[in-house]
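Content type mmCIF, C-alpha atoms, from the file run-v6.cif:
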```
data_data
#
loop_
_atom_site.label_atom_id
_atom_site.label_comp_id
_atom_site.auth_asym_id
_atom_site.auth_seq_id
_atom_site.Cartn_x
_atom_site.Cartn_y
_atom_site.Cartn_z
CA MET F 1206 0.01 8.85 28.42
CA PRO F 1207 -2.34 5.92 29.12
CA GLU F 1208 -1.05 2.44 28.36
CA ARG F 1209 -3.74 1.78 25.75
CA ALA F 1210 -2.33 4.62 23.61
CA LEU F 1211 0.69 2.49 22.76
CA ALA F 1212 -0.95 0.71 19.81
CA ARG F 1213 -3.72 2.60 18.14
CA SER F 1214 -3.27 4.06 14.67
CA ARG F 1215 -1.47 3.65 11.38
CA GLN F 1216 0.75 6.64 12.17
CA SER F 1217 1.51 7.65 15.75
CA VAL F 1218 4.30 8.57 18.15
CA VAL F 1219 3.50 8.42 21.87
CA ASN F 1220 5.29 8.57 25.20
CA PHE F 1221 4.46 5.72 27.56
CA GLU F 1222 4.99 4.55 31.11
CA LEU F 1223 4.09 1.02 32.19
CA GLN F 1224 4.14 -0.15 35.79
CA ASP F 1225 3.55 -3.86 35.20
CA ALA F 1226 4.24 -6.50 32.57
CA ASP F 1227 0.55 -6.76 31.61
CA GLY F 1228 0.68 -3.38 29.88
CA LEU F 1229 3.65 -4.44 27.75
CA ALA F 1230 2.05 -7.80 26.96
CA ASP F 1231 -1.12 -6.01 25.83
CA HIS F 1232 0.83 -3.74 23.48
CA ILE F 1233 2.84 -6.62 21.96
CA ASN F 1234 -0.38 -8.58 21.55
CA GLN F 1235 -2.07 -5.73 19.65
CA ARG F 1236 0.85 -4.96 17.35
CA PHE F 1237 2.72 -8.25 16.91
CA SER F 1238 1.45 -11.43 18.57
CA PRO F 1239 0.23 -12.75 21.94
CA VAL F 1240 3.04 -13.19 24.48
CA ARG F 1241 3.66 -14.42 28.01
CA ILE F 1242 5.98 -12.36 30.23
CA GLU F 1243 7.79 -13.83 33.22
CA PRO F 1244 10.29 -12.22 35.64
CA VAL F 1245 13.77 -13.77 35.75
CA ARG F 1246 13.42 -13.77 39.55
CA PRO F 1247 9.98 -13.98 41.19
CA ALA F 1248 10.65 -10.92 43.36
CA ASP F 1249 11.64 -8.68 40.44
CA ARG F 1250 9.45 -5.64 39.88
CA PHE F 1251 8.86 -4.48 36.33
CA SER F 1252 8.53 -0.99 34.89
CA MET F 1253 9.09 0.39 31.41
CA SER F 1254 8.97 3.91 29.97
CA GLY F 1255 9.97 5.65 26.77
CA THR F 1256 8.70 6.64 23.33
CA TYR F 1257 7.04 4.36 20.79
CA GLY F 1258 6.26 5.14 17.15
CA GLN F 1259 4.48 3.33 14.34
CA VAL F 1260 4.32 4.32 10.66
CA ALA F 1261 2.54 1.91 8.30
CA GLY F 1262 4.07 -1.37 9.39
CA ILE F 1263 7.35 0.06 10.71
CA ASP F 1264 7.75 0.27 14.49
CA PHE F 1265 10.48 2.24 16.26
CA SER F 1266 11.06 2.95 19.92
CA ARG F 1267 13.44 3.83 22.66
CA GLY F 1268 12.87 2.95 26.26
CA ARG F 1269 14.13 2.01 29.68
CA VAL F 1270 13.24 -1.23 31.42
CA GLN F 1271 13.75 -1.78 35.15
CA GLY F 1272 13.75 -5.38 36.24
CA GLU F 1273 14.76 -8.50 34.38
CA PHE F 1274 12.17 -10.56 32.54
CA ARG F 1275 11.57 -12.97 29.66
CA VAL F 1276 9.07 -12.67 26.81
CA PHE F 1277 7.66 -15.86 25.27
CA PRO F 1278 5.69 -15.43 22.01
CA LYS F 1279 2.58 -17.58 21.73
CA ARG F 1280 2.48 -16.96 17.97
CA LEU F 1281 5.46 -16.00 15.81
CA TYR F 1282 5.62 -12.62 14.05
CA ASP F 1283 6.95 -12.41 10.49
CA GLY F 1284 9.26 -9.44 10.84
CA VAL F 1285 12.81 -8.50 11.77
CA PHE F 1286 13.78 -6.85 15.08
CA PHE F 1287 16.82 -4.52 14.99
CA ILE F 1288 17.86 -3.77 18.58
CA PHE F 1289 20.49 -1.35 19.98
CA PRO F 1290 20.94 -1.37 23.79
CA THR F 1291 22.77 1.57 25.35
CA VAL F 1292 22.71 -0.01 28.84
CA GLY F 1293 22.15 -3.64 29.72
CA SER F 1294 21.37 -6.43 27.27
CA LEU F 1295 18.58 -8.01 25.23
CA VAL F 1296 19.02 -11.67 24.33
CA PHE F 1297 17.05 -13.35 21.53
CA HIS F 1298 16.73 -17.12 21.77
CA GLN F 1299 16.03 -18.44 18.28
CA SER F 1300 15.43 -21.90 16.89
CA ARG F 1301 19.04 -23.10 17.02
CA GLU F 1302 21.09 -20.40 18.75
CA SER F 1303 20.92 -17.25 20.85
CA PHE F 1304 22.08 -13.71 20.05
CA ALA F 1305 22.88 -11.18 22.77
CA SER F 1306 22.78 -7.47 22.08
CA SER F 1307 24.74 -5.00 24.20
CA PRO F 1308 26.00 -1.40 24.04
CA THR F 1309 28.70 -2.62 21.64
CA ILE F 1310 26.70 -5.21 19.64
CA ALA F 1311 23.43 -4.64 17.75
CA VAL F 1312 21.22 -7.59 16.84
CA ALA F 1313 18.88 -8.41 13.95
CA ALA F 1314 16.46 -11.09 15.17
CA GLU F 1315 14.03 -13.02 12.98
CA GLY F 1316 10.56 -12.91 14.49
CA MET F 1317 9.61 -16.23 12.92
CA ALA F 1318 12.57 -17.94 14.60
CA CYS F 1319 12.29 -16.28 18.03
CA ARG F 1320 11.41 -18.63 20.89
CA SER F 1321 11.96 -16.12 23.70
CA MET F 1322 13.61 -12.79 24.48
CA ASP F 1323 15.34 -11.68 27.70
CA PHE F 1324 15.63 -8.12 29.03
CA LEU F 1325 18.64 -8.16 31.38
CA PHE F 1326 20.44 -5.79 33.76
CA ASP F 1327 17.95 -2.86 33.76
CA THR F 1328 18.10 -2.16 30.04
CA THR F 1329 18.01 1.11 28.09
CA PHE F 1330 17.59 0.54 24.36
CA CYS F 1331 16.27 1.70 21.02
CA GLY F 1332 15.12 -0.40 18.10
CA VAL F 1333 13.24 -0.83 14.84
CA VAL F 1334 10.84 -3.62 13.83
CA ILE F 1335 10.07 -4.05 10.12
CA ASP F 1336 7.55 -6.59 8.86
CA ARG F 1337 8.50 -8.81 5.95
CA SER F 1338 5.89 -7.42 3.56
CA ALA F 1339 7.38 -3.91 3.89
CA LEU F 1340 10.87 -5.27 3.23
CA ALA F 1341 9.70 -7.19 0.14
CA VAL F 1342 7.86 -4.23 -1.38
CA ARG F 1343 10.76 -1.81 -0.80
CA MET F 1344 13.37 -4.28 -2.05
CA SER F 1345 11.40 -4.73 -5.28
CA ALA F 1346 11.29 -0.94 -5.74
CA LEU F 1347 15.03 -0.54 -5.09
CA LEU F 1348 16.04 -3.31 -7.49
CA GLY F 1349 13.53 -2.39 -10.17
CA HIS F 1350 12.14 -5.92 -10.40
CA PRO F 1351 10.28 -8.34 -8.13
CA VAL F 1352 12.28 -10.20 -5.49
CA VAL F 1353 11.77 -13.92 -5.17
CA GLU F 1354 13.76 -14.69 -1.99
CA LYS F 1355 13.42 -12.71 1.24
CA PRO F 1356 16.53 -10.86 2.49
CA ILE F 1357 18.42 -12.67 5.27
CA PHE F 1358 20.22 -10.36 7.68
CA GLN F 1359 23.50 -10.89 9.51
CA PRO F 1360 22.36 -11.61 13.09
CA SER F 1361 24.74 -9.24 14.88
CA LEU F 1362 26.62 -6.07 14.00
CA ASP F 1363 29.36 -4.14 15.79
CA MET F 1364 28.00 -0.80 16.99
CA ALA F 1365 31.24 0.78 15.79
CA SER F 1366 30.13 0.13 12.20
CA GLY F 1367 28.70 3.07 10.31
CA GLY F 1368 25.40 1.31 9.54
CA ALA F 1369 24.49 0.39 13.10
CA SER F 1370 25.49 3.80 14.43
CA ALA F 1371 23.51 5.65 11.74
CA LEU F 1372 20.38 3.57 12.30
CA LYS F 1373 20.55 4.08 16.06
CA SER F 1374 21.05 7.84 15.60
CA LEU F 1375 18.02 8.06 13.29
CA VAL F 1376 15.80 6.25 15.81
CA MET F 1377 17.02 8.50 18.61
CA CYS F 1378 16.19 11.53 16.47
CA ILE F 1379 12.66 10.54 15.46
CA THR F 1380 11.74 9.56 19.02
CA SER F 1381 13.05 12.82 20.50
CA PRO F 1382 10.63 15.26 22.19
CA GLU F 1383 11.35 17.82 19.46
CA PHE F 1384 10.79 15.58 16.42
CA GLY F 1385 8.48 12.76 17.48
CA PRO F 1386 5.25 14.77 17.91
CA GLN F 1387 5.64 16.28 14.43
CA LEU F 1388 5.16 12.85 12.84
CA ASN F 1389 1.62 12.75 14.23
CA ARG F 1390 0.75 15.76 12.10
CA ALA F 1391 2.97 15.34 9.04
CA SER F 1392 1.95 12.38 6.89
CA LEU F 1393 4.38 13.18 4.06
CA THR F 1394 7.30 13.41 6.48
CA ALA F 1395 6.21 10.18 8.16
CA GLU F 1396 6.22 8.34 4.82
CA ARG F 1397 9.74 9.62 4.07
CA ILE F 1398 10.89 8.49 7.52
CA ARG F 1399 9.38 5.08 6.85
CA GLU F 1400 11.27 4.71 3.57
CA THR F 1401 14.48 6.05 5.10
CA LEU F 1402 14.37 3.50 7.93
CA VAL F 1403 13.83 0.60 5.54
CA ASP F 1404 16.43 1.84 3.04
CA LEU F 1405 19.02 2.41 5.76
CA VAL F 1406 18.49 -1.11 7.06
CA LEU F 1407 18.70 -2.69 3.59
CA GLU F 1408 21.73 -0.70 2.50
CA THR F 1409 23.83 -0.70 5.68
CA TRP F 1410 22.98 -3.87 7.59
CA PRO F 1411 24.71 -6.82 5.85
CA ASN F 1412 22.15 -9.09 4.20
CA SER F 1413 21.75 -11.55 1.35
CA TYR F 1414 21.03 -8.70 -1.11
CA SER F 1415 23.89 -6.40 -0.03
CA GLU F 1416 26.11 -7.27 -3.00
CA ILE F 1417 23.31 -6.56 -5.49
CA LEU F 1418 22.30 -3.31 -3.79
CA HIS F 1419 25.87 -2.00 -3.90
CA ARG F 1420 26.57 -2.90 -7.50
CA PRO F 1421 26.91 -0.11 -10.07
CA PRO F 1422 23.67 0.71 -11.94
CA PRO F 1423 22.83 -2.22 -14.24
CA MET F 1424 23.51 -2.11 -17.93
CA ILE F 1425 20.58 -1.55 -20.26
CA ALA F 1426 18.83 -4.83 -20.96
CA PRO F 1427 19.05 -6.04 -24.59
CA GLN F 1428 16.05 -5.75 -26.86
CA HIS F 1429 15.06 -9.43 -26.69
CA VAL F 1430 14.83 -9.28 -22.87
CA LYS F 1431 12.81 -6.05 -23.04
CA LEU F 1432 10.37 -7.64 -25.50
CA ALA F 1433 9.80 -10.62 -23.23
CA VAL F 1434 9.48 -8.49 -20.09
CA ASP F 1435 7.01 -6.12 -21.77
CA PHE F 1436 4.93 -9.06 -22.98
CA ILE F 1437 4.84 -10.58 -19.48
CA HIS F 1438 3.71 -7.27 -17.97
CA ASP F 1439 1.13 -6.55 -20.66
CA HIS F 1440 -0.30 -10.09 -20.64
CA ALA F 1441 0.17 -11.15 -17.02
CA HIS F 1442 -3.05 -13.20 -17.16
CA MET F 1443 -1.52 -15.42 -19.87
CA LEU F 1444 1.01 -18.18 -19.15
CA PRO F 1445 3.38 -18.32 -22.14
CA SER F 1446 6.18 -20.85 -21.90
CA GLY F 1447 9.82 -19.87 -22.07
CA THR F 1448 9.98 -21.32 -25.57
CA GLU F 1449 7.04 -19.17 -26.69
CA LEU F 1450 8.62 -16.05 -25.20
CA ALA F 1451 11.93 -16.86 -26.88
CA ALA F 1452 10.18 -17.23 -30.25
CA LEU F 1453 8.39 -13.92 -29.68
CA SER F 1454 11.72 -12.24 -28.86
CA GLY F 1455 13.58 -13.77 -31.80
CA VAL F 1456 16.27 -15.58 -29.81
CA SER F 1457 16.93 -19.05 -28.51
CA LEU F 1458 15.46 -20.19 -25.19
CA ARG F 1459 18.98 -20.47 -23.77
CA ALA F 1460 19.81 -16.86 -24.73
CA LEU F 1461 16.57 -15.58 -23.20
CA GLN F 1462 17.12 -17.53 -19.99
CA ALA F 1463 20.64 -16.09 -19.67
CA GLY F 1464 19.30 -12.59 -20.33
CA PHE F 1465 16.66 -12.87 -17.62
CA ARG F 1466 19.13 -14.11 -15.02
CA ARG F 1467 21.57 -11.32 -15.84
CA PHE F 1468 19.20 -8.37 -16.20
CA ALA F 1469 16.11 -9.38 -14.20
CA GLY F 1470 17.89 -11.34 -11.48
CA ALA F 1471 15.51 -14.31 -11.79
CA SER F 1472 14.57 -17.16 -14.08
CA ILE F 1473 11.84 -16.60 -16.67
CA GLY F 1474 9.36 -18.67 -14.66
CA ALA F 1475 10.17 -16.96 -11.35
CA TYR F 1476 9.83 -13.53 -12.95
CA GLN F 1477 6.45 -14.43 -14.47
CA ARG F 1478 5.23 -15.79 -11.15
CA GLN F 1479 6.27 -12.67 -9.26
CA ILE F 1480 4.50 -10.38 -11.73
CA ARG F 1481 1.31 -12.42 -11.32
CA LEU F 1482 1.75 -12.26 -7.54
CA GLU F 1483 2.06 -8.48 -7.74
CA ARG F 1484 -1.18 -8.28 -9.71
CA ALA F 1485 -2.89 -10.56 -7.20
CA ARG F 1486 -1.65 -8.44 -4.30
CA ALA F 1487 -2.98 -5.29 -5.98
CA ASP F 1488 -6.37 -6.99 -6.37
CA PHE F 1489 -6.45 -7.99 -2.69
CA LEU F 1490 -5.78 -4.37 -1.71
CA ARG F 1491 -8.42 -3.10 -4.13
CA GLU F 1492 -11.01 -5.82 -3.43
CA PRO F 1493 -10.84 -6.77 0.27
CA GLY F 1494 -14.02 -8.83 -0.08
CA ALA F 1495 -12.61 -11.15 -2.76
CA SER F 1496 -11.71 -14.74 -1.92
CA VAL F 1497 -8.20 -16.12 -2.12
CA GLU F 1498 -9.32 -18.81 -4.57
CA ASP F 1499 -10.93 -16.30 -6.96
CA ILE F 1500 -7.88 -14.03 -7.05
CA ALA F 1501 -5.52 -16.98 -7.42
CA LEU F 1502 -7.45 -18.36 -10.41
CA ARG F 1503 -7.67 -14.90 -11.97
CA TRP F 1504 -3.90 -14.82 -12.22
CA GLY F 1505 -3.31 -18.40 -13.27
CA PHE F 1506 -2.71 -20.13 -9.93
CA THR F 1507 -4.86 -23.26 -9.95
CA ASN F 1508 -3.73 -24.46 -6.51
CA ALA F 1509 -4.77 -21.99 -3.77
CA GLY F 1510 -2.48 -23.58 -1.18
CA ARG F 1511 0.59 -23.32 -3.39
CA PHE F 1512 -0.41 -19.76 -4.34
CA SER F 1513 -0.60 -18.82 -0.63
CA ARG F 1514 2.90 -20.20 -0.04
CA TYR F 1515 4.31 -18.26 -3.00
CA PHE F 1516 2.56 -15.12 -1.73
CA LYS F 1517 3.97 -15.54 1.77
CA ALA F 1518 7.51 -16.02 0.41
CA ALA F 1519 7.22 -12.84 -1.68
CA TYR F 1520 5.44 -10.49 0.74
CA GLY F 1521 5.88 -11.91 4.20
CA VAL F 1522 2.17 -12.53 4.85
CA PHE F 1523 -0.39 -15.06 3.69
CA PRO F 1524 -3.19 -13.68 1.49
CA THR F 1525 -5.69 -14.33 4.28
CA GLU F 1526 -3.64 -12.13 6.64
CA LEU F 1527 -3.51 -9.33 4.08
CA ILE F 1528 -7.28 -9.55 3.58
CA ARG F 1529 -7.86 -9.46 7.33
CA ARG F 1530 -5.68 -6.35 7.71
CA GLN F 1531 -7.56 -4.61 4.91
CA ARG F 1532 -10.91 -5.36 6.53
#
```

Written as structure tokens, that's how I'd like the structure from this file.
Amino acid sequence: MPERALARSRQSVVNFELQDADGLADHINQRFSPVRIEPVRPADRFSMSGTYGQVAGIDFSRGRVQGEFRVFPKRLYDGVFFIFPTVGSLVFHQSRESFASSPTIAVAAEGMACRSMDFLFDTTFCGVVIDRSALAVRMSALLGHPVVEKPIFQPSLDMASGGASALKSLVMCITSPEFGPQLNRASLTAERIRETLVDLVLETWPNSYSEILHRPPPMIAPQHVKLAVDFIHDHAHMLPSGTELAALSGVSLRALQAGFRRFAGASIGAYQRQIRLERARADFLREPGASVEDIALRWGFTNAGRFSRYFKAAYGVFPTELIRRQR
């Protein structure tokens, strides 16, 4: 399979064989961000082979690397790398500390904090990379309400744990010669695989939302919370205050605030903001030619810079990046 086939379509699984670091750098550049690759020792020769798959923002692969080298990102990527070596080691050097993966330790590395990554000792590995926007959208669907804070993952996990072992087994399965090629022809199956990968990560890899995800199904929200939530959804373009919503719902502001925190998992203001962000995101996807300022104003954000920061916190990308991807 030619090297250029590594990064090509929204849904693809390909086998690859690279004889120099330039081929890997080109792939990482196309899918994630520009990088510089250097051998640990000048005389080291590099080669890499394996299977790479991509399904709508989720990347998965297994491969073998001969030689030891370092990868330096020139621009940070807003996603999380889940890595499982079976031989050798991958080391992620982040802003304040380093995390080494090995056959007994899996690592979750934040792309936005990664300063460099080392492939050591002729490594065989498999892994999953999930961008922040995919995590935010799926987390919102699982919880039944918008998420305000991004999930933070425990940086390392014992491979003896059920979660790490299950995730590794799934990646090995979908990159196998028997299964992998089917994903190129089965869009419905590919979408289920995508959701399964994200769900398995969120539910089994310890993160800041683990406690919430493992709670029993929530109790039915009281009527006054339902009234306020319905009004916010039906009139997202309006900006009612908490006091106005409380009056509409027939309770005190304090009672409504407590109800939102218990049943919606956010303050009234944060919930309103996230609903307006969801509407703005839908408009960006539907109207790729629209400007950030126009969409922001449409949904009550008078400061485009602040709106962009809120959007990035909720979906992992700035509005301009989302527009560029759509185009």

Using all atoms listed in the file, tabulate the residues of region 1362-1455 of chain F lying at most 10 Å from any atom of region 1282-1303 of chain F, each with its closest atom pair and that distance in Å to one decimal, by chain and increasing residue number, as a tab-separated table.
```
residue	atom	partner	partner_atom	distance
F:Leu1362	CA	F:Phe1289	CA	9.8
F:Met1364	CA	F:Phe1289	CA	8.1
F:Ala1369	CA	F:Phe1289	CA	8.1
F:Ser1370	CA	F:Phe1289	CA	9.1
F:Leu1372	CA	F:Phe1289	CA	9.1
F:Lys1373	CA	F:Phe1289	CA	6.7
F:Val1376	CA	F:Phe1289	CA	9.9
F:Val1406	CA	F:Phe1287	CA	8.8
F:Trp1410	CA	F:Phe1287	CA	9.7
```

Item to check | Close residues, region 1494-1502 of chain F itself excluded, 12 Å, only C-alpha atoms, min 6 positions apart in chain, as a ChimeraX atom specification | outcome: /F:1442-1443,1478,1481-1488,1508-1516,1523-1532

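Here CA of Phe1506 (chain F) is placed at a distance of 20.8 Å from CA of Asp1435 (chain F).
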
Item to check | Resolved residues for the PyMOL selection byres ((chain F and resi 1429) around 9) as an MDAnalysis selection string | outcome: chainID F and resid 1426:1428 1430:1434 1451 1453:1456 1461 1464

Next on the checklist: Need the shell around Lys1355 (chain F): protein/DNA/RNA residues with any atom at most 9 Å away, counting all atoms listed in the file. Skip same-chain ones fewer than 6 positions apart. Format as a list in words?
Outcome noted: Arg1337, Leu1340, Ala1341, Ser1413, Tyr1414, Ala1518, Ala1519, Tyr1520 and Gly1521 of chain F

Those selected residues, please, written with C-alpha atoms and delivered as a PDB file, in the coordinates of the input.
```pdb
ATOM      1  CA  ARG F1337       8.500  -8.810   5.950  1.00  0.00           C
ATOM      2  CA  LEU F1340      10.870  -5.270   3.230  1.00  0.00           C
ATOM      3  CA  ALA F1341       9.700  -7.190   0.140  1.00  0.00           C
ATOM      4  CA  SER F1413      21.750 -11.550   1.350  1.00  0.00           C
ATOM      5  CA  TYR F1414      21.030  -8.700  -1.110  1.00  0.00           C
ATOM      6  CA  ALA F1518       7.510 -16.020   0.410  1.00  0.00           C
ATOM      7  CA  ALA F1519       7.220 -12.840  -1.680  1.00  0.00           C
ATOM      8  CA  TYR F1520       5.440 -10.490   0.740  1.00  0.00           C
ATOM      9  CA  GLY F1521       5.880 -11.910   4.200  1.00  0.00           C
TER      10      GLY F1521
END
```

Next on the checklist: I'd like the interatomic distance between CA of Ile1335 (chain F) and CA of Ile1263 (chain F), to a tenth of an Å.
Outcome noted: 5.0 Å

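For the atom pair formed by CA of Gly1470 (chain F) and CA of Phe1358 (chain F), the distance is 19.3 Å, given to one decimal.
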
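Every protein or nucleic acid residue with an atom no more than 8 Å from Leu1281 (chain F), counting all atoms listed in the file and leaving out same-chain residues fewer than 4 positions away, appears here: Ser1238, Gly1316, Met1317, Ala1318 and Cys1319 of chain F.
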
Next on the checklist: Around (3.7, 8.4, 11.6), as given in the file, which residues come within 9 Å? Count all atoms listed in the file and list them as a ChimeraX atom specification.
Outcome noted: /F:1214-1218,1258-1261,1385,1387-1396,1398-1399

Keeping C-alpha atoms for every residue in the selection just given, could you write it to a file as a PDB file, in the frame of the given file?
```pdb
ATOM      1  CA  SER F1214      -3.270   4.060  14.670  1.00  0.00           C
ATOM      2  CA  ARG F1215      -1.470   3.650  11.380  1.00  0.00           C
ATOM      3  CA  GLN F1216       0.750   6.640  12.170  1.00  0.00           C
ATOM      4  CA  SER F1217       1.510   7.650  15.750  1.00  0.00           C
ATOM      5  CA  VAL F1218       4.300   8.570  18.150  1.00  0.00           C
ATOM      6  CA  GLY F1258       6.260   5.140  17.150  1.00  0.00           C
ATOM      7  CA  GLN F1259       4.480   3.330  14.340  1.00  0.00           C
ATOM      8  CA  VAL F1260       4.320   4.320  10.660  1.00  0.00           C
ATOM      9  CA  ALA F1261       2.540   1.910   8.300  1.00  0.00           C
ATOM     10  CA  GLY F1385       8.480  12.760  17.480  1.00  0.00           C
ATOM     11  CA  GLN F1387       5.640  16.280  14.430  1.00  0.00           C
ATOM     12  CA  LEU F1388       5.160  12.850  12.840  1.00  0.00           C
ATOM     13  CA  ASN F1389       1.620  12.750  14.230  1.00  0.00           C
ATOM     14  CA  ARG F1390       0.750  15.760  12.100  1.00  0.00           C
ATOM     15  CA  ALA F1391       2.970  15.340   9.040  1.00  0.00           C
ATOM     16  CA  SER F1392       1.950  12.380   6.890  1.00  0.00           C
ATOM     17  CA  LEU F1393       4.380  13.180   4.060  1.00  0.00           C
ATOM     18  CA  THR F1394       7.300  13.410   6.480  1.00  0.00           C
ATOM     19  CA  ALA F1395       6.210  10.180   8.160  1.00  0.00           C
ATOM     20  CA  GLU F1396       6.220   8.340   4.820  1.00  0.00           C
ATOM     21  CA  ILE F1398      10.890   8.490   7.520  1.00  0.00           C
ATOM     22  CA  ARG F1399       9.380   5.080   6.850  1.00  0.00           C
TER      23      ARG F1399
END
```

Checklist entry - What's the 7 Å shell around Asp1327 (chain F), counting all atoms listed in the file, without same-chain residues fewer than 6 positions away, as a list in words? => result Val1270, Gln1271, Gly1272, Glu1273 and Gly1293 of chain F

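Each of F:Ser1366, F:Gly1447, F:Ser1472, F:Cys1378 was compared to Thr1409 (chain F) using all atoms listed in the file, and F:Ser1366 turns out to be the nearest.
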
Step by step, gather every atom of region 1353-1365 of chain F that the file lists, find the box along x, y and z that holds them, add 8 Å on each side, and finally give centre and edge lengths in Å to one decimal, as AutoDock Vina command-line options.
```
--center_x 21.5 --center_y -7.0 --center_z 5.9 --size_x 35.5 --size_y 31.5 --size_z 38.2
```

Item to check | Contacts of Ser1415 (chain F) at 12 Å (only C-alpha atoms; same-chain gap of 2+ positions) as number ranges by chain | outcome: F: 1344, 1347-1348, 1356-1359, 1404-1413, 1417-1420

For those residues, write C-alpha atoms to a file as an mmCIF file, keeping the file's coordinate frame.
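Now in out17.cif:
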```cif
data_model
loop_
_atom_site.group_PDB
_atom_site.id
_atom_site.type_symbol
_atom_site.label_atom_id
_atom_site.label_comp_id
_atom_site.auth_asym_id
_atom_site.auth_seq_id
_atom_site.Cartn_x
_atom_site.Cartn_y
_atom_site.Cartn_z
ATOM 1 C CA MET F 1344 13.370 -4.280 -2.050
ATOM 2 C CA LEU F 1347 15.030 -0.540 -5.090
ATOM 3 C CA LEU F 1348 16.040 -3.310 -7.490
ATOM 4 C CA PRO F 1356 16.530 -10.860 2.490
ATOM 5 C CA ILE F 1357 18.420 -12.670 5.270
ATOM 6 C CA PHE F 1358 20.220 -10.360 7.680
ATOM 7 C CA GLN F 1359 23.500 -10.890 9.510
ATOM 8 C CA ASP F 1404 16.430 1.840 3.040
ATOM 9 C CA LEU F 1405 19.020 2.410 5.760
ATOM 10 C CA VAL F 1406 18.490 -1.110 7.060
ATOM 11 C CA LEU F 1407 18.700 -2.690 3.590
ATOM 12 C CA GLU F 1408 21.730 -0.700 2.500
ATOM 13 C CA THR F 1409 23.830 -0.700 5.680
ATOM 14 C CA TRP F 1410 22.980 -3.870 7.590
ATOM 15 C CA PRO F 1411 24.710 -6.820 5.850
ATOM 16 C CA ASN F 1412 22.150 -9.090 4.200
ATOM 17 C CA SER F 1413 21.750 -11.550 1.350
ATOM 18 C CA ILE F 1417 23.310 -6.560 -5.490
ATOM 19 C CA LEU F 1418 22.300 -3.310 -3.790
ATOM 20 C CA HIS F 1419 25.870 -2.000 -3.900
ATOM 21 C CA ARG F 1420 26.570 -2.900 -7.500
#
```

Checklist entry - the PyMOL selection byres ((chain F and resi 1321) around 7) on the file shown: which residues, as a VMD selection string? => result chain F and resid 1275 to 1278 1297 to 1298 1319 to 1320 1322 to 1323
